[in-house]
Structures are given as C-alpha cells and as structure tokens.
Amino acid sequence: DVQDTRLKIHPGSKTTGLALVAEYVRRGPTVIWAAELAHRGGVIRKALQQRRDHRRFRRAKLRYRAPRFLNRTKPTGWLAPSLQHRVDTTMACVSRLQRWAPVVALSTLLHRFDTQALQNPEISGAEYQHGTLF
C-alpha cells in the first residue's frame, strides 16, 4: 500500500518551500520529504536590465529614430518575467512531485504579518506613521 500525501507550499520572494506530508494513523502528520526551491528573479531582472541598456545604446549611437509610444500595451494576465519564472518553476516542481508521489491535496501558506501590531496590539490609524524614528 502506498501512503497518500499532501504537498505543502510556502511561497517566498527568493525561495519557495515544498514539503510532502503523510498522514499516519499512529504518528499523525509526518514530513517525509522537504525542499527549498531557489528562484532566479534577481538574475532575470539583471539580464533584462542589461538587454535594455544595450538596446538603448544601439539606438542612440546610430541615427535619429522617431520615438515609439504606441507599442507599450501588455496582454491581460501579464506578469513580470521574474514573477512569471517563480510561478512556472513552482508549478513544474509540483507537477514532477505529483508524478513521483501520490499527492491527494495541495496546501499553500499565504500570510501577511503586521509587525507593528505584534509589538503594540493597540496601534491604529496614523500611529502606524509614527514609528521609532519619528
């Protein structure tokens, strides 16, 4: 018999955490595999910046070119290349794991922390703007 597993995903800006968790009768939920997926967002951004700089240099050194301004629309559902890479690599890793292990459910951890409210629970309104450096 093969134990059913749940894939838990913890997305982040630089890395994404992945864990396969099996639900055992006696032990309860147990992590049987864990990994950290490193993203290349900074590298992609740097490469696009370098490509843009080379393109601007080529245009500037040749001859006068009329400015272009009507070709700047983005299609619906467009994401920045660094973000699209994060989504694509995470989904590719998830699909690989689904081939290797009997994943019956996916769980993602999405959270936002209010660090000022952790320090001072009664904070509200304009008090957020009056931090320690105010």
# chains A, B, ... in the order shown; residues from 1 in each chain; ligands from 1
call {"tool": "select_by_dssp", "arguments": {"residues": "chain A", "states": "helix (DSSP H, G or I)", "output": "PyMOL selection string"}}
result
chain A and resi 41-61+81-100+115-119+125-129
call {"tool": "write_last_selection", "arguments": {"atoms": "C-alpha atoms", "output": "short mmCIF file (atom, residue, chain, number, x, y, z; two decimals), in the first residue's frame"}}
result
data_model
loop_
_atom_site.label_atom_id
_atom_site.label_comp_id
_atom_site.auth_asym_id
_atom_site.auth_seq_id
_atom_site.Cartn_x
_atom_site.Cartn_y
_atom_site.Cartn_z
CA GLY A 41 14.21 36.61 -10.03
CA GLY A 42 17.21 38.85 -9.40
CA VAL A 43 19.23 37.23 -12.17
CA ILE A 44 16.35 37.63 -14.64
CA ARG A 45 15.88 41.27 -13.69
CA LYS A 46 19.60 41.97 -14.14
CA ALA A 47 19.65 40.27 -17.56
CA LEU A 48 16.62 42.27 -18.75
CA GLN A 49 18.22 45.50 -17.49
CA GLN A 50 21.44 44.69 -19.37
CA ARG A 51 19.50 43.88 -22.53
CA ARG A 52 17.60 47.17 -22.26
CA ASP A 53 20.85 49.12 -21.79
CA HIS A 54 22.42 47.51 -24.88
CA ARG A 55 19.30 48.26 -26.93
CA ARG A 56 19.29 51.90 -25.84
CA PHE A 57 22.98 52.25 -26.67
CA ARG A 58 22.46 50.80 -30.16
CA ARG A 59 19.58 53.16 -30.82
CA ALA A 60 21.44 56.19 -29.53
CA LYS A 61 24.67 55.71 -31.50
CA PRO A 81 9.25 37.94 -16.07
CA SER A 82 10.76 37.42 -12.62
CA LEU A 83 7.31 36.69 -11.14
CA GLN A 84 6.32 34.50 -14.09
CA HIS A 85 9.50 32.49 -13.55
CA ARG A 86 8.57 31.99 -9.89
CA VAL A 87 5.13 30.67 -10.85
CA ASP A 88 6.46 28.46 -13.66
CA THR A 89 9.23 26.82 -11.65
CA THR A 90 6.93 26.16 -8.70
CA MET A 91 4.29 24.59 -10.93
CA ALA A 92 6.90 22.48 -12.74
CA CYS A 93 8.22 21.19 -9.43
CA VAL A 94 4.68 20.44 -8.22
CA SER A 95 3.85 18.50 -11.40
CA ARG A 96 7.08 16.48 -11.04
CA LEU A 97 6.25 15.65 -7.44
CA GLN A 98 2.76 14.57 -8.44
CA ARG A 99 4.30 12.06 -10.84
CA TRP A 100 6.62 10.65 -8.18
CA THR A 115 4.98 43.66 12.63
CA GLN A 116 3.95 46.90 14.33
CA ALA A 117 0.79 45.26 15.69
CA LEU A 118 2.95 42.44 17.06
CA GLN A 119 4.93 45.00 19.07
CA GLY A 125 -4.69 54.80 12.21
CA ALA A 126 -1.97 57.43 12.00
CA GLU A 127 0.03 55.75 14.75
CA TYR A 128 1.47 53.47 12.05
CA GLN A 129 3.26 56.52 10.62
#
call {"tool": "residues_around", "arguments": {"residues": "stretch 11-25 of chain A", "least_positions_apart": "5", "cutoff": "7 Å", "atoms": "only C-alpha atoms", "output": "PyMOL selection string"}}
result
chain A and resi 3-6+30-39
call {"tool": "atom_distance", "arguments": {"atom1": "atom CA of A:Glu122", "atom2": "atom CA of A:Phe134"}}
result
18.1 Å
call {"tool": "atom_distance", "arguments": {"atom1": "atom CA of A:Ser107", "atom2": "atom CA of A:Ile9"}}
result
6.1 Å
call {"tool": "select_by_dssp", "arguments": {"residues": "chain A", "states": "strand (DSSP E or B)", "output": "PyMOL selection string"}}
result
chain A and resi 5-10+15-24+28-38+103-108
